[in-house]
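Student: Let me give you the structure first, and then I'll get to my questions.
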Amino acid sequence: MALGTATAAYELRFDAGRICLDLLATTHPDERLDSVAVLRAWIAGSGLVPAGTGLAHADASWLVGFRELRERIGQLVPGGLAPQGLPYDRALARVNEIARAAPPAPRAVTCEDGTLVRELDGPPECAALLGAVARDVVELLTDPVMRAGLRQCEGDNCPIVYLDTSRGRRRRWCSSEVCGNRERVARHRRRAAVTRA
């Protein structure tokens, strides 16, 4: 996908089990964070901000920041099971640095019908949102149970890493509807070819 083209919201995925892994998934099959508009859609869709939060102030520097954090996550997550070498150490130091930023401050607001909803105290800053994602990485990598649940999709040429929280920890694909379906179709075609032969 060419830089500057808008990625449709349905092409953004939020099924990896953690916000940091969802950010990492924005590289597959092509670059998904290809514009500030798509980044805004990703921020809203990931749940980093409450629904309806204004993000009009987000600019190209936000795109640079999120892509840089995503790159660091990519250096840590596959290596998160067996840390190795200088690139890992540098990525970990950078994630720790980004994680220091205070998260966006939430507040409860009463709606007209009397229910409470969550809003942010003010427009979210890029550093605060990056900090929230970086803290998610820190939590993931420092929790042995979660770290043990990290899996890479078994789909052909699918690099997506997800958190397997399935019963029995038997999940094989990033998405049953995407990679799982492709595998089932391929298996069916192989069987059909054998019976025809």
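Labels used: A, B, ... for chains in the order of the structure tokens, numbers from 1 for residues in each chain, and numbers from 1 for ligands as shown.
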Among range 78-145 of chain A, which residues does DSSP mark as helix (DSSP H, G or I) when it is run on the backbone? Keep the chain and numbering as in the structure and answer as a ChimeraX atom specification.
Tutor: /A:78-81,85-99,126-142,144-145
Student: Using only C-alpha atoms, which protein or nucleic acid residues come within 6 Å of Val137 in chain A? Drop anything in the same chain fewer than 3 positions from it, and give the result as a PyMOL selection string.
Tutor: chain A and resi 20+134+140
Student: If you keep N, CA, C and O atoms, can you produce a file of those selected residues as a PDB file, in the first residue's frame?
Tutor:
```
ATOM      1  N   CYS A  20      -0.095  -3.555  22.580  1.00  0.00           N
ATOM      2  CA  CYS A  20       1.232  -3.509  21.954  1.00  0.00           C
ATOM      3  C   CYS A  20       1.340  -4.493  20.796  1.00  0.00           C
ATOM      4  O   CYS A  20       1.980  -4.202  19.782  1.00  0.00           O
ATOM      5  N   ALA A 134       3.767   1.563  25.660  1.00  0.00           N
ATOM      6  CA  ALA A 134       5.054   1.071  26.162  1.00  0.00           C
ATOM      7  C   ALA A 134       4.875   0.346  27.497  1.00  0.00           C
ATOM      8  O   ALA A 134       5.507  -0.692  27.729  1.00  0.00           O
ATOM      9  N   LEU A 140       3.611  -7.055  29.521  1.00  0.00           N
ATOM     10  CA  LEU A 140       3.640  -8.309  28.769  1.00  0.00           C
ATOM     11  C   LEU A 140       4.951  -9.056  28.980  1.00  0.00           C
ATOM     12  O   LEU A 140       4.965 -10.252  29.263  1.00  0.00           O
TER      13      LEU A 140
END
```
Student: Grab the CA of Arg32 in chain A to CA of Ala132 in chain A distance for me, in Å with one decimal place.
Tutor: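 Computed distance, CA of Arg32 in chain A to CA of Ala132 in chain A, equals 20.2 Å.
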Student: Using DSSP on the backbone, list every residue of range 52-113 of chain A that comes out as strand (DSSP E or B), and give them as a list in words.
Tutor: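 Written out, the strand (DSSP E or B) residues of range 52-113 of chain A are Pro106, Arg107, Ala108, Val109 and Thr110 of chain A.
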Student: Now that the selection is made, can you save its residues with N, CA, C and O atoms as a PDB file, in the first residue's frame?
Tutor:
```pdb
ATOM      1  N   PRO A 106      -7.901  10.096  32.966  1.00  0.00           N
ATOM      2  CA  PRO A 106      -9.336   9.912  32.729  1.00  0.00           C
ATOM      3  C   PRO A 106     -10.160  10.618  33.808  1.00  0.00           C
ATOM      4  O   PRO A 106      -9.664  10.944  34.881  1.00  0.00           O
ATOM      5  N   ARG A 107     -11.414  10.831  33.486  1.00  0.00           N
ATOM      6  CA  ARG A 107     -12.351  11.348  34.474  1.00  0.00           C
ATOM      7  C   ARG A 107     -13.727  10.786  34.155  1.00  0.00           C
ATOM      8  O   ARG A 107     -14.021  10.443  33.010  1.00  0.00           O
ATOM      9  N   ALA A 108     -14.556  10.684  35.180  1.00  0.00           N
ATOM     10  CA  ALA A 108     -15.930  10.218  35.004  1.00  0.00           C
ATOM     11  C   ALA A 108     -16.819  11.436  34.806  1.00  0.00           C
ATOM     12  O   ALA A 108     -16.735  12.413  35.545  1.00  0.00           O
ATOM     13  N   VAL A 109     -17.683  11.375  33.794  1.00  0.00           N
ATOM     14  CA  VAL A 109     -18.572  12.482  33.455  1.00  0.00           C
ATOM     15  C   VAL A 109     -20.002  11.943  33.427  1.00  0.00           C
ATOM     16  O   VAL A 109     -20.255  10.870  32.877  1.00  0.00           O
ATOM     17  N   THR A 110     -20.910  12.683  34.027  1.00  0.00           N
ATOM     18  CA  THR A 110     -22.313  12.281  34.045  1.00  0.00           C
ATOM     19  C   THR A 110     -22.994  12.692  32.743  1.00  0.00           C
ATOM     20  O   THR A 110     -22.932  13.842  32.331  1.00  0.00           O
TER      21      THR A 110
END
```
Student: Compile the contact shell of Thr27 in chain A as a list in words: residues with an atom at most 12 Å away, counting only C-alpha atoms, same-chain residues fewer than 3 positions apart removed.
Tutor: Met1, Thr7, Glu11, Leu12, Arg13, Leu21, Asp22, Leu23, Leu24, Asp30, Glu31, Arg32, Leu33, Asp34, Phe66, Arg67, Arg70, Glu71, Ile73, Gly74, Cys158, Pro159, Ile160 and Val161 of chain A
Student: Select, from A:Gly52, A:Gly155, A:Gly85, A:Pro103, the residue with the minimum atom-to-atom distance to Asp136 in chain A, counting only C-alpha atoms.
Tutor: A:Pro103
Student: In Å to one decimal, how far is CA of Leu120 in chain A from CA of Pro104 in chain A?
Tutor: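 Straight-line distance from CA of Pro104 in chain A to CA of Leu120 in chain A works out to 6.6 Å.
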Student: Have a look at A:Leu92, A:Arg170, A:Met146, A:Ala37 and name the one nearest to Trp62 in chain A; count only C-alpha atoms.
Tutor: A:Ala37
Student: Report as number ranges by chain all protein, DNA and RNA residues lying within 12 Å of Asp156 in chain A, evaluated on only C-alpha atoms, omitting residues in the same chain fewer than 4 positions from it.
Tutor: A: 29, 152, 160, 172-174, 178-184, 186
Student: State, in Å with one decimal place, the distance from CA of Val77 in chain A to CA of Ser35 in chain A.
Tutor: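 Answer for the CA of Val77 in chain A to CA of Ser35 in chain A separation: 24.7 Å.
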Student: Quick one: of A:Ala93, A:Val145, A:Ala193, A:Cys153, who's nearest to Thr165 in chain A, counting only C-alpha atoms?
Tutor: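 Of A:Ala93, A:Val145, A:Ala193, A:Cys153, the one nearest Thr165 in chain A, counting only C-alpha atoms, is A:Val145.
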Student: Near Gly45 in chain A, counting only C-alpha atoms, which residues have an atom at most 10 Å away, once you skip same-chain residues fewer than 5 positions from it, shown as a PyMOL selection string?
Tutor: chain A and resi 9+12-14+39-40+50-51
